[in-house]
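Asks: work.cif is the file, holding mmCIF, C-alpha atoms and all ligand atoms:
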```
data_data
loop_
_atom_site.label_atom_id
_atom_site.label_comp_id
_atom_site.auth_asym_id
_atom_site.auth_seq_id
_atom_site.Cartn_x
_atom_site.Cartn_y
_atom_site.Cartn_z
CA MET V 891 127.95 130.27 123.42
CA ASP V 892 127.96 127.29 121.07
CA TYR V 893 125.65 128.12 118.16
CA LYS V 894 125.89 124.67 116.60
CA PRO V 895 122.58 123.34 118.04
CA VAL V 896 120.78 126.54 116.95
CA ILE V 897 122.23 126.21 113.45
CA ILE V 898 121.21 122.55 113.24
CA ASP V 899 117.65 123.30 114.41
CA ALA V 900 117.26 126.17 111.96
CA LEU V 901 118.61 124.24 108.98
CA ARG V 902 116.34 121.31 109.82
CA VAL V 903 113.37 123.66 109.65
CA LEU V 904 114.47 124.92 106.24
CA GLU V 905 115.06 121.36 105.06
CA ALA V 906 111.49 120.43 106.08
CA ARG V 907 110.14 123.61 104.48
CA ASP V 908 111.82 122.80 101.16
CA ARG V 909 110.64 119.21 101.35
CA ALA V 910 107.09 120.50 101.71
CA ASP V 911 107.75 122.82 98.77
CA LYS V 912 109.12 119.90 96.72
CA LYS V 913 112.59 121.33 96.19
CA PRO V 914 114.67 118.16 96.20
CA PHE V 915 118.01 119.78 95.39
CA SER V 916 117.70 122.22 98.21
CA VAL V 917 116.59 119.42 100.57
CA ARG V 918 119.66 117.45 99.58
CA ALA V 919 121.92 120.44 100.20
CA TYR V 920 120.51 120.94 103.70
CA ALA V 921 120.72 117.20 104.39
CA THR V 922 124.40 117.20 103.43
CA VAL V 923 125.25 120.18 105.63
CA LEU V 924 123.26 118.72 108.51
CA ARG V 925 125.11 115.44 108.25
CA HIS V 926 128.44 117.26 108.34
CA LEU V 927 127.35 119.50 111.19
CA GLU V 928 126.07 116.63 113.29
CA ALA V 929 129.44 114.91 112.90
CA HIS V 930 131.44 118.14 113.44
CA PRO V 931 133.29 117.64 116.71
CA ALA V 932 133.98 121.28 117.65
CA PRO V 933 131.66 124.02 118.96
CA ILE V 934 130.78 127.02 116.78
CA ARG V 935 131.17 130.09 118.97
CA SER V 936 132.32 132.67 116.44
CA LEU V 937 132.33 133.37 112.72
CA ALA V 938 135.85 131.99 112.55
CA GLU V 939 134.65 128.67 113.92
CA ILE V 940 132.04 128.14 111.20
CA PRO V 941 133.38 125.03 109.48
CA VAL V 942 133.93 124.86 105.75
CA PHE V 943 132.30 121.78 104.25
CA GLN V 944 132.73 120.66 100.71
CA GLY V 945 129.58 121.27 98.72
CA VAL V 946 128.19 123.90 101.09
CA GLY V 947 127.18 126.92 99.08
CA GLU V 948 127.39 130.59 99.96
CA LYS V 949 123.69 130.77 100.78
CA ILE V 950 123.85 128.21 103.57
CA LYS V 951 127.13 129.68 104.85
CA LYS V 952 125.46 133.10 105.11
CA LYS V 953 122.65 131.56 107.13
CA MET V 954 125.13 130.10 109.59
CA GLU V 955 126.78 133.52 109.85
CA GLU V 956 123.45 135.18 110.54
CA ILE V 957 122.88 132.82 113.47
CA VAL V 958 126.33 133.43 114.95
CA GLU V 959 125.88 137.20 114.59
CA THR V 960 122.27 137.54 115.73
CA GLY V 961 121.52 134.29 117.58
CA ARG V 962 118.63 133.51 115.21
CA LEU V 963 117.75 132.87 111.59
CA GLU V 964 114.89 134.94 110.29
CA ALA V 965 114.11 132.57 107.42
CA ALA V 966 113.69 129.64 109.83
CA GLU V 967 111.39 131.63 112.09
CA LYS V 968 109.30 132.69 109.14
CA ALA V 969 109.17 129.10 107.88
CA LYS V 970 108.00 127.89 111.29
CA ALA V 971 105.22 130.47 111.27
CA ASP V 972 104.21 129.85 107.64
CA TYR V 973 104.61 126.09 107.50
CA PRO V 974 103.08 124.06 110.29
CA LEU V 975 105.70 121.38 109.77
CA GLU V 976 104.41 119.04 112.47
CA ALA V 977 100.93 119.02 110.98
CA LEU V 978 102.37 118.42 107.50
CA ALA V 979 104.33 115.44 108.82
CA LEU V 980 101.29 114.16 110.73
CA PHE V 981 98.93 114.28 107.74
CA GLY V 982 101.62 113.01 105.38
CA GLY V 983 101.98 109.97 107.65
CA ILE V 984 98.37 108.93 107.12
CA TYR V 985 98.09 106.04 104.68
CA GLY V 986 97.04 107.35 101.26
CA ILE V 987 97.81 111.00 101.98
CA GLY V 988 100.77 112.39 100.07
CA PRO V 989 102.58 115.73 100.44
CA VAL V 990 100.18 117.61 98.15
CA LYS V 991 97.06 116.54 100.04
CA ALA V 992 98.79 117.14 103.39
CA ARG V 993 99.58 120.67 102.26
CA GLU V 994 95.98 121.23 101.19
CA LEU V 995 94.70 120.10 104.60
CA VAL V 996 97.16 122.34 106.42
CA GLU V 997 96.22 125.29 104.23
CA MET V 998 92.62 124.75 105.29
CA GLY V 999 93.80 125.44 108.83
CA LEU V 1000 93.71 121.82 110.02
CA ARG V 1001 96.45 120.85 112.48
CA THR V 1002 95.48 117.70 114.35
CA LEU V 1003 93.83 114.34 113.66
CA THR V 1004 90.79 115.59 115.56
CA ASP V 1005 90.63 118.68 113.32
CA LEU V 1006 90.72 116.41 110.29
CA ARG V 1007 88.14 113.98 111.67
CA VAL V 1008 85.73 116.80 112.52
CA GLU V 1009 86.20 118.43 109.12
CA LEU V 1010 85.70 115.08 107.39
CA HIS V 1011 82.46 114.60 109.28
CA MET V 1012 81.20 117.85 107.78
CA ARG V 1013 82.75 117.33 104.35
CA PRO V 1014 82.83 113.59 103.59
CA ASP V 1015 84.38 114.19 100.16
CA LEU V 1016 87.49 115.76 101.67
CA LEU V 1017 89.29 112.39 101.54
CA HIS V 1018 88.88 109.43 99.22
CA GLU V 1019 87.97 106.01 100.60
CA LYS V 1020 91.52 104.75 101.13
CA GLN V 1021 92.58 107.95 102.84
CA LYS V 1022 89.55 107.62 105.08
CA ALA V 1023 90.65 104.09 105.98
CA GLY V 1024 94.16 105.42 106.64
CA LEU V 1025 92.73 108.03 108.99
CA PHE V 1026 90.36 105.59 110.66
CA TYR V 1027 93.17 103.13 111.39
CA TYR V 1028 95.89 105.74 111.91
CA GLU V 1029 96.66 105.07 115.58
CA ASP V 1030 97.07 101.34 114.96
CA LEU V 1031 98.99 101.61 111.71
CA VAL V 1032 101.71 103.90 113.06
CA GLU V 1033 102.69 101.22 115.56
CA ARG V 1034 105.26 98.61 114.62
CA ILE V 1035 104.39 94.94 114.93
CA PRO V 1036 106.33 92.91 117.52
CA ARG V 1037 108.10 89.83 116.17
CA GLU V 1038 105.99 87.45 118.32
CA GLU V 1039 102.87 88.84 116.72
CA MET V 1040 104.44 88.49 113.25
CA ARG V 1041 104.88 84.77 114.03
CA GLU V 1042 101.16 84.53 114.77
CA HIS V 1043 100.34 86.19 111.44
CA GLU V 1044 102.63 83.65 109.79
CA LEU V 1045 100.88 80.69 111.44
CA LEU V 1046 97.41 81.95 110.59
CA LEU V 1047 98.32 82.70 106.98
CA GLN V 1048 100.09 79.38 106.48
CA GLY V 1049 96.90 77.66 107.59
CA ILE V 1050 94.86 79.43 104.91
CA ALA V 1051 97.25 79.96 101.98
CA GLN V 1052 97.26 76.43 100.47
CA VAL V 1053 100.37 77.40 98.45
CA PRO V 1054 103.92 77.90 99.78
CA MET V 1055 104.28 81.37 101.28
CA THR V 1056 107.00 83.42 102.90
CA ILE V 1057 106.75 86.52 105.04
CA VAL V 1058 109.51 88.71 103.66
CA GLY V 1059 110.58 92.30 104.47
CA SER V 1060 112.01 93.15 107.84
CA TYR V 1061 110.56 89.97 109.39
CA ARG V 1062 112.68 87.73 107.18
CA ARG V 1063 115.68 89.90 108.07
CA GLY V 1064 115.04 88.95 111.69
CA ALA V 1065 113.87 92.39 112.85
CA GLU V 1066 112.37 92.62 116.32
CA THR V 1067 109.51 94.71 114.94
CA SER V 1068 108.01 95.15 111.50
CA GLY V 1069 106.09 97.97 109.89
CA ASP V 1070 103.80 95.63 107.99
CA VAL V 1071 103.29 92.01 106.95
CA ASP V 1072 104.80 91.46 103.48
CA VAL V 1073 103.81 88.09 102.05
CA LEU V 1074 104.93 86.27 98.91
CA LEU V 1075 102.64 83.50 97.68
CA ARG V 1076 104.42 81.05 95.39
CA VAL V 1077 102.27 79.63 92.65
CA PRO V 1078 103.13 77.19 89.82
CA SER V 1079 104.75 78.78 86.76
CA ALA V 1080 102.20 77.01 84.58
CA TRP V 1081 99.32 78.98 86.09
CA THR V 1082 97.86 81.63 83.80
CA ALA V 1083 97.40 85.19 85.06
CA ALA V 1084 93.68 84.44 85.40
CA GLU V 1085 94.37 81.37 87.53
CA GLY V 1086 96.69 83.40 89.76
CA ALA V 1087 94.09 86.14 90.11
CA SER V 1088 91.35 83.64 90.87
CA TYR V 1089 93.51 82.09 93.60
CA LEU V 1090 94.34 85.50 95.09
CA HIS V 1091 90.70 86.56 95.19
CA LYS V 1092 89.67 83.29 96.86
CA PHE V 1093 92.51 83.63 99.35
CA VAL V 1094 91.46 87.16 100.24
CA ARG V 1095 87.84 86.07 100.63
CA ALA V 1096 88.98 83.28 102.94
CA LEU V 1097 90.91 85.82 105.01
CA GLU V 1098 87.79 87.98 105.23
CA THR V 1099 85.69 85.01 106.25
CA ALA V 1100 88.24 84.13 108.91
CA GLY V 1101 87.73 87.63 110.32
CA TYR V 1102 91.38 88.46 109.61
CA MET V 1103 91.18 90.82 106.64
CA GLU V 1104 89.28 93.88 107.74
CA TYR V 1105 89.69 96.31 104.88
CA VAL V 1106 90.92 95.71 101.35
CA LEU V 1107 92.81 98.75 100.12
CA ALA V 1108 93.61 97.35 96.70
CA LEU V 1109 93.04 94.00 95.04
CA GLY V 1110 94.48 93.37 91.60
CA GLU V 1111 95.45 90.26 89.66
CA LYS V 1112 98.72 89.75 91.47
CA LYS V 1113 98.65 91.93 94.50
CA CYS V 1114 96.44 92.64 97.44
CA MET V 1115 97.00 95.39 99.97
CA GLY V 1116 94.88 95.45 103.04
CA ILE V 1117 94.37 96.03 106.71
CA ALA V 1118 94.10 92.94 108.87
CA ARG V 1119 93.84 92.01 112.51
CA LEU V 1120 94.62 88.82 114.36
CA PRO V 1121 91.58 87.48 116.20
CA ALA V 1122 93.18 87.80 119.62
CA GLN V 1123 94.87 91.12 118.90
CA ASN V 1124 93.26 94.47 119.07
CA LYS V 1125 95.54 96.27 116.61
CA ALA V 1126 94.95 96.57 112.91
CA ARG V 1127 98.01 95.95 110.71
CA ARG V 1128 98.99 96.63 107.12
CA VAL V 1129 99.31 93.46 105.07
CA ASP V 1130 100.52 93.00 101.47
CA PHE V 1131 100.16 89.80 99.47
CA LEU V 1132 101.94 89.21 96.22
CA ILE V 1133 101.44 86.32 93.83
CA THR V 1134 104.78 85.15 92.44
CA PRO V 1135 105.23 82.38 89.88
CA GLU V 1136 107.84 79.80 90.84
CA HIS V 1137 110.34 80.88 88.14
CA GLU V 1138 110.34 84.46 89.52
CA TYR V 1139 110.36 83.45 93.15
CA ALA V 1140 114.11 83.78 93.79
CA CYS V 1141 114.20 87.34 92.39
CA ALA V 1142 111.06 88.27 94.33
CA LEU V 1143 112.40 86.79 97.56
CA LEU V 1144 115.64 88.71 97.17
CA TYR V 1145 113.91 91.99 96.35
CA PHE V 1146 111.20 91.88 99.00
CA THR V 1147 113.55 90.75 101.74
CA GLY V 1148 115.43 94.01 101.35
CA SER V 1149 116.67 95.98 103.02
CA ASP V 1150 115.99 98.74 100.52
CA MET V 1151 119.56 100.03 100.81
CA PHE V 1152 120.92 96.52 100.36
CA ASN V 1153 118.81 96.22 97.21
CA VAL V 1154 120.22 99.47 95.84
CA ALA V 1155 123.77 98.21 96.35
CA PHE V 1156 122.85 94.76 94.97
CA ARG V 1157 121.31 96.19 91.83
CA GLN V 1158 124.29 98.46 91.35
CA HIS V 1159 126.56 95.42 91.55
CA ALA V 1160 124.38 93.57 89.01
CA LEU V 1161 124.66 96.58 86.67
CA GLN V 1162 128.44 96.49 86.91
CA LYS V 1163 128.21 92.88 85.80
CA GLY V 1164 125.97 93.79 82.87
CA TYR V 1165 122.53 92.96 84.23
CA THR V 1166 119.46 94.78 85.40
CA LEU V 1167 117.58 93.18 88.22
CA ASN V 1168 114.08 93.70 89.50
CA GLU V 1169 111.61 91.77 91.61
CA HIS V 1170 110.72 89.53 88.66
CA ILE V 1171 113.75 88.90 86.56
CA MET V 1172 117.40 89.53 85.78
CA THR V 1173 117.95 90.88 82.27
CA PRO V 1174 121.26 91.07 80.39
CA ILE V 1175 122.37 94.43 79.03
CA GLY V 1176 123.94 94.41 75.56
CA ASP V 1177 125.84 91.22 74.80
CA ALA V 1178 125.98 89.82 78.35
CA PRO V 1179 124.93 86.16 78.32
CA ALA V 1180 121.39 85.32 79.37
CA PRO V 1181 121.26 84.26 83.01
CA PRO V 1182 120.24 80.70 83.88
CA PRO V 1183 116.99 80.03 85.72
CA PHE V 1184 117.34 80.96 89.37
CA HIS V 1185 115.80 78.53 91.83
CA THR V 1186 117.13 80.09 95.01
CA GLU V 1187 118.60 83.37 96.21
CA GLN V 1188 121.94 81.59 96.47
CA ASP V 1189 121.82 81.01 92.70
CA ILE V 1190 121.56 84.77 92.13
CA PHE V 1191 124.42 85.64 94.46
CA ARG V 1192 126.57 82.94 92.88
CA PHE V 1193 125.80 84.05 89.34
CA LEU V 1194 126.95 87.57 90.22
CA SER V 1195 130.08 86.21 91.96
CA LEU V 1196 128.87 87.39 95.32
CA GLN V 1197 129.20 85.74 98.67
CA TYR V 1198 125.78 84.82 100.01
CA VAL V 1199 124.50 87.24 102.64
CA GLU V 1200 122.12 85.94 105.29
CA PRO V 1201 118.85 87.94 105.39
CA SER V 1202 119.70 89.25 108.87
CA LYS V 1203 122.88 90.84 107.50
CA ARG V 1204 121.35 92.53 104.48
CA VAL V 1205 122.29 96.10 105.09
CA GLU V 1206 123.99 98.52 102.76
CA GLY V 1207 127.64 97.60 102.45
CA ALA V 1208 127.05 93.90 103.25
CA ILE V 1209 127.78 92.82 99.70
CA SER V 1210 131.14 91.33 99.01
CA GLY V 1211 132.44 89.73 95.89
CA ASP V 1212 134.42 90.34 92.80
CA ALA V 1213 132.97 93.31 90.97
CA GLN V 1214 135.16 92.82 87.91
CA SER V 1215 134.85 89.15 87.00
CA ARG V 1216 132.30 88.00 84.44
CA PRO V 1217 129.17 86.32 85.75
CA ALA V 1218 129.34 82.61 86.37
CA GLY V 1219 127.64 82.04 83.03
CA ALA V 1220 124.46 80.52 81.83
CA ALA V 1221 126.04 77.12 81.30
CA GLY V 1222 126.44 76.37 84.97
CA LEU V 1223 126.33 78.07 88.31
CA VAL V 1224 129.92 77.86 89.42
CA SER V 1225 130.84 79.46 92.70
CA VAL V 1226 133.53 82.06 92.20
CA CYS V 1227 133.14 83.84 95.51
CA SER V 1228 136.75 84.26 96.35
CA THR V 1229 137.56 87.91 96.75
CA ASN V 1230 136.25 90.11 99.45
CA THR V 1231 135.59 93.60 98.14
CA PRO V 1232 132.90 95.31 100.18
CA LEU V 1233 130.69 97.37 97.94
CA SER V 1234 128.92 100.35 99.27
CA LEU V 1235 127.30 103.14 97.38
CA GLY V 1236 127.69 105.52 100.24
CA ILE V 1237 124.10 106.63 99.85
CA SER V 1238 122.59 107.62 103.12
CA LYS V 1239 118.93 107.11 104.06
CA ARG V 1240 118.55 110.86 104.31
CA VAL V 1241 119.36 111.33 100.65
CA LEU V 1242 117.63 108.30 99.23
CA ILE V 1243 114.18 108.97 100.53
CA LYS V 1244 112.07 105.83 100.40
CA ARG V 1245 108.85 106.24 98.53
CA PRO V 1246 105.94 105.81 100.90
CA LYS V 1247 103.91 102.71 100.21
CA VAL V 1248 100.89 104.45 98.84
CA VAL V 1249 98.95 103.07 95.95
CA TYR V 1250 96.06 104.73 94.21
CA PRO V 1251 94.61 101.94 92.14
N1 LIG V 1301 111.66 97.67 98.80
C1 LIG V 1301 112.67 98.30 98.08
N2 LIG V 1301 112.54 99.62 97.76
C2 LIG V 1301 111.45 100.31 98.10
C3 LIG V 1301 110.40 99.70 98.82
C4 LIG V 1301 110.55 98.36 99.16
O1 LIG V 1301 113.68 97.67 97.77
N3 LIG V 1301 111.33 101.59 97.75
C5 LIG V 1301 111.84 96.26 99.18
C6 LIG V 1301 112.84 96.14 100.29
C7 LIG V 1301 112.00 96.10 101.51
C8 LIG V 1301 110.82 95.30 101.03
O2 LIG V 1301 110.63 95.73 99.68
O3 LIG V 1301 112.68 95.48 102.58
C9 LIG V 1301 109.58 95.48 101.84
O4 LIG V 1301 109.23 96.85 101.92
P1 LIG V 1301 108.81 97.52 103.29
O5 LIG V 1301 108.56 98.95 103.01
O6 LIG V 1301 107.71 96.73 103.92
O7 LIG V 1301 110.15 97.47 104.15
P2 LIG V 1301 110.60 96.52 105.33
O8 LIG V 1301 109.74 95.33 105.43
O9 LIG V 1301 112.06 96.29 105.09
O10 LIG V 1301 110.46 97.42 106.62
P3 LIG V 1301 109.19 97.61 107.59
O11 LIG V 1301 109.45 96.80 108.79
O12 LIG V 1301 109.19 99.06 107.90
O13 LIG V 1301 107.98 97.17 106.82
MG MG V 1302 107.67 95.52 105.58
#
```
Mind turning this structure into structure tokens?

Replies:
Amino acid sequence: MDYKPVIIDALRVLEARDRADKKPFSVRAYATVLRHLEAHPAPIRSLAEIPVFQGVGEKIKKKMEEIVETGRLEAAEKAKADYPLEALALFGGIYGIGPVKARELVEMGLRTLTDLRVELHMRPDLLHEKQKAGLFYYEDLVERIPREEMREHELLLQGIAQVPMTIVGSYRRGAETSGDVDVLLRVPSAWTAAEGASYLHKFVRALETAGYMEYVLALGEKKCMGIARLPAQNKARRVDFLITPEHEYACALLYFTGSDMFNVAFRQHALQKGYTLNEHIMTPIGDAPAPPPFHTEQDIFRFLSLQYVEPSKRVEGAISGDAQSRPAGAAGLVSVCSTNTPLSLGISKRVLIKRPKVVYP
């Protein structure tokens, strides 16, 4: 018998258990072994066939041995009984509910959305307002938005925005479906924070009046997070609006277009060149020269001696350029994209867990 599938199942359970218990190092260890095991081409039918992977400690090796010897792993069975992992994942997937709250709900004996809705009916203070909205809209919000519908959001928003706007995120990368509608609103650099905030509030009110914005999750000076619905659609969608002054627009466009793994690699490259980069600005470290103003994404790539990457190709490992040369310099943006060194951090999605987009204002 090939025990490999049993080993993989059992280690996945322990990985999920330790994630629920907030033990990131252990989670990472299981994730590494699982990655190796999934790629391991041979069956595991005996102790001798248990593969040796670099970085796999004695404890995990012993667990694999237990499965080969007994056909089961006691720790995984206990974890399954003690930790209702599916319910934890379900509650943790509700907007506004993090791992701690999910755990609390599970410990109360709740397992399904219906359980939670019934309990909430009896104890309205069980969830705060945003979590309640997350639960109310749960079925809609877990669905991804087809690209055709994203185009309709774009048209509607362009009609109301009155300032230049771009839908960024996966939509700008050309994805067939998107998890949410991420929108940058470009406002003049001369606007004060109060003017930006006043515009944003008016914009959001106009969206409410249009019957588009259904629930405002958070509305600050620069950012609005909400739940919206196209008039002709019956699904509610997550929408995020961000006010960006013109002089920050290129950095914001780059950051919010993603992908997140591309951004990690891009920032790493910027660091090698002596700069930190965020969604607002590029800052020199030490004696690196101050960067020039960036008007476009191309300016940023060029300054870091990188070949421009189309949004649709922005995946980890898509960056190519000369990691060693000095930046093009503040005096002028000279293209020096000659070499072709692919840069990849080799970080897998499993390890670099994306923070859920939850905000408690
Ligand atoms: N982003 C990032 N790191 C994060 C979160 C976001 O770099 N931890 C950036 C890159 C993302 C962009 O912001 O592409 C938008 O965030 P989303 O979570 O909306 O991601 P996507 O739009 O790429 O995917 P989805 O279709 O799931 O919304
Ligand atoms: Mg998105």

Asks: If I take atom CA of V:Glu1042 and atom CA of V:Glu1138, how far is one from the other in Å, to one decimal?

Replies: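 Separation of atom CA of V:Glu1042 and atom CA of V:Glu1138: 26.9 Å.
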
Asks: For the atom pair atom CA of V:Glu928 and atom CA of V:Gly947, what is the interatomic distance in Å to one decimal place?

Replies: 17.6 Å

Asks: Tell me which of V:Arg1204, V:Arg1157, V:Arg1001, V:Arg902 sits closest to V:Val917, counting all atoms listed in the file.

Replies: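 The closest residue to V:Val917 is V:Arg902.
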
Asks: So how far away is atom CA of V:Ala1155 from atom CA of V:Glu1206, in Å?

Replies: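 Straight-line distance from atom CA of V:Glu1206 to atom CA of V:Ala1155 works out to 6.4 Å.
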
Asks: Leaving out stretch 1165-1172 of chain V and any residue of its chain fewer than 6 positions from it, which residues lie within 9 Å of it when counting all atoms listed in the file, given as an MDAnalysis selection string?

Replies: chainID V and resid 1134 1137:1146 1156:1159 1178 1180:1181 1190

Asks: Using all atoms listed in the file for the distances, tell me which of V:Lys1163, V:Met1012, V:Leu995, V:Gln1188 is nearest to V:Gly1176.

Replies: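 For V:Gly1176, the nearest of the given residues is V:Lys1163.
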
Asks: At a cut-off of 6 Å, can you tabulate as a Markdown table every residue of chain V near ligand LIG 1301 (chain V) together with its closest atom pair and the distance in Å to one decimal, using only C-alpha atoms and all ligand atoms and ordering rows by chain then number?

Replies:
```
| residue | atom | partner | partner_atom | distance |
| --- | --- | --- | --- | --- |
| V:Gly1059 | CA | V:LIG1301 | O8 | 3.3 |
| V:Ser1060 | CA | V:LIG1301 | O8 | 4.0 |
| V:Ser1068 | CA | V:LIG1301 | O11 | 3.5 |
| V:Gly1069 | CA | V:LIG1301 | O13 | 3.7 |
| V:Asp1070 | CA | V:LIG1301 | O13 | 4.6 |
| V:Tyr1145 | CA | V:LIG1301 | C5 | 5.5 |
| V:Phe1146 | CA | V:LIG1301 | O2 | 4.0 |
| V:Thr1147 | CA | V:LIG1301 | O3 | 4.9 |
| V:Gly1148 | CA | V:LIG1301 | O3 | 3.4 |
| V:Ser1149 | CA | V:LIG1301 | O3 | 4.0 |
| V:Asp1150 | CA | V:LIG1301 | O1 | 3.7 |
| V:Asn1153 | CA | V:LIG1301 | O1 | 5.4 |
| V:Lys1244 | CA | V:LIG1301 | N3 | 5.1 |
| V:Arg1245 | CA | V:LIG1301 | N3 | 5.3 |
```

Asks: Within 12 Å of (127.0, 130.8, 101.7) in the file's own coordinates, which protein, DNA or RNA residues have an atom, counting only C-alpha atoms? List them as a list in words.

Replies: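 So the residues meeting the distance criterion are Ala919, Tyr920, Val923, Ile940, Pro941, Val942, Phe943, Gln944, Gly945, Val946, Gly947, Glu948, Lys949, Ile950, Lys951, Lys952, Lys953, Met954, Glu955 and Glu956 of chain V.
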
Asks: Find the residue from V:Arg1095, V:Lys970, V:Lys1113, V:Arg1062 that sits nearest to ligand MG 1302 (chain V); use only C-alpha atoms and all ligand atoms when measuring.

Replies: V:Arg1062

Asks: Using only C-alpha atoms, which of the listed residues (V:Leu1132, V:Met1151, V:Met998, V:Arg1034) sits closest to V:Val1058?

Replies: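 Distance minimum relative to V:Val1058 lands on V:Leu1132.
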
Asks: Taking into account only C-alpha atoms, which residue in the set V:Thr1056, V:Glu1085, V:Leu1107, V:Ala977 is nearest to V:His1018?

Replies: V:Leu1107

Asks: Which one is closest to ligand MG 1302 (chain V): V:Ala979, V:Ile1057, V:Ala966, V:Met891? Count all atoms listed in the file.

Replies: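 Of the candidates, the smallest distance to ligand MG 1302 (chain V) is held by V:Ile1057.
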
Asks: Using all atoms listed in the file, determine which residues lie at most 12 Å from V:Ala1080, disregarding the query and same-chain residues fewer than 3 positions distant; provide the list as a list in words.

Replies: Arg1076, Val1077, Ala1083, Ala1084, Glu1085, Gly1086, Thr1134, Pro1135, Glu1136 and His1137 of chain V

Asks: Need the axis-aligned box for stretch 1138-1146 of chain V with 4 Å each side, so what are the centre and edges in Å to one decimal, as AutoDock Vina command-line options?

Replies:
```
--center_x 113.0 --center_y 87.7 --center_z 94.3 --size_x 13.3 --size_y 16.5 --size_z 17.5
```

Asks: Restricted to C-alpha atoms, what does stretch 987-1024 of chain V look like when written out as a PDB file, in the first residue's frame?

Replies:
```
ATOM      1  CA  ILE V 987     -13.906  37.608  11.496  1.00  0.00           C
ATOM      2  CA  GLY V 988     -10.302  36.701  12.261  1.00  0.00           C
ATOM      3  CA  PRO V 989      -8.825  33.457  13.622  1.00  0.00           C
ATOM      4  CA  VAL V 990      -9.409  34.400  17.276  1.00  0.00           C
ATOM      5  CA  LYS V 991     -13.109  35.145  16.815  1.00  0.00           C
ATOM      6  CA  ALA V 992     -13.530  32.062  14.606  1.00  0.00           C
ATOM      7  CA  ARG V 993     -12.036  29.963  17.387  1.00  0.00           C
ATOM      8  CA  GLU V 994     -14.368  31.530  19.942  1.00  0.00           C
ATOM      9  CA  LEU V 995     -17.404  30.722  17.789  1.00  0.00           C
ATOM     10  CA  VAL V 996     -16.275  27.137  17.284  1.00  0.00           C
ATOM     11  CA  GLU V 997     -15.639  26.728  21.000  1.00  0.00           C
ATOM     12  CA  MET V 998     -19.244  27.780  21.578  1.00  0.00           C
ATOM     13  CA  GLY V 999     -20.223  24.710  19.567  1.00  0.00           C
ATOM     14  CA  LEU V1000     -21.176  26.578  16.385  1.00  0.00           C
ATOM     15  CA  ARG V1001     -20.357  24.772  13.135  1.00  0.00           C
ATOM     16  CA  THR V1002     -22.401  26.219  10.287  1.00  0.00           C
ATOM     17  CA  LEU V1003     -23.564  29.612   9.025  1.00  0.00           C
ATOM     18  CA  THR V1004     -27.065  28.682  10.153  1.00  0.00           C
ATOM     19  CA  ASP V1005     -25.759  27.920  13.661  1.00  0.00           C
ATOM     20  CA  LEU V1006     -24.109  31.325  13.711  1.00  0.00           C
ATOM     21  CA  ARG V1007     -27.156  33.144  12.343  1.00  0.00           C
ATOM     22  CA  VAL V1008     -29.458  31.517  14.897  1.00  0.00           C
ATOM     23  CA  GLU V1009     -27.057  32.261  17.754  1.00  0.00           C
ATOM     24  CA  LEU V1010     -26.699  35.854  16.581  1.00  0.00           C
ATOM     25  CA  HIS V1011     -30.452  36.225  16.587  1.00  0.00           C
ATOM     26  CA  MET V1012     -30.455  35.300  20.270  1.00  0.00           C
ATOM     27  CA  ARG V1013     -27.278  37.187  21.152  1.00  0.00           C
ATOM     28  CA  PRO V1014     -27.006  40.255  18.905  1.00  0.00           C
ATOM     29  CA  ASP V1015     -23.761  41.350  20.580  1.00  0.00           C
ATOM     30  CA  LEU V1016     -21.960  38.194  19.490  1.00  0.00           C
ATOM     31  CA  LEU V1017     -20.599  39.997  16.414  1.00  0.00           C
ATOM     32  CA  HIS V1018     -19.808  43.644  15.800  1.00  0.00           C
ATOM     33  CA  GLU V1019     -21.529  45.553  13.003  1.00  0.00           C
ATOM     34  CA  LYS V1020     -18.971  44.828  10.286  1.00  0.00           C
ATOM     35  CA  GLN V1021     -18.881  41.144  11.121  1.00  0.00           C
ATOM     36  CA  LYS V1022     -22.658  41.127  10.943  1.00  0.00           C
ATOM     37  CA  ALA V1023     -22.458  42.674   7.473  1.00  0.00           C
ATOM     38  CA  GLY V1024     -19.861  40.053   6.520  1.00  0.00           C
TER      39      GLY V1024
END
```
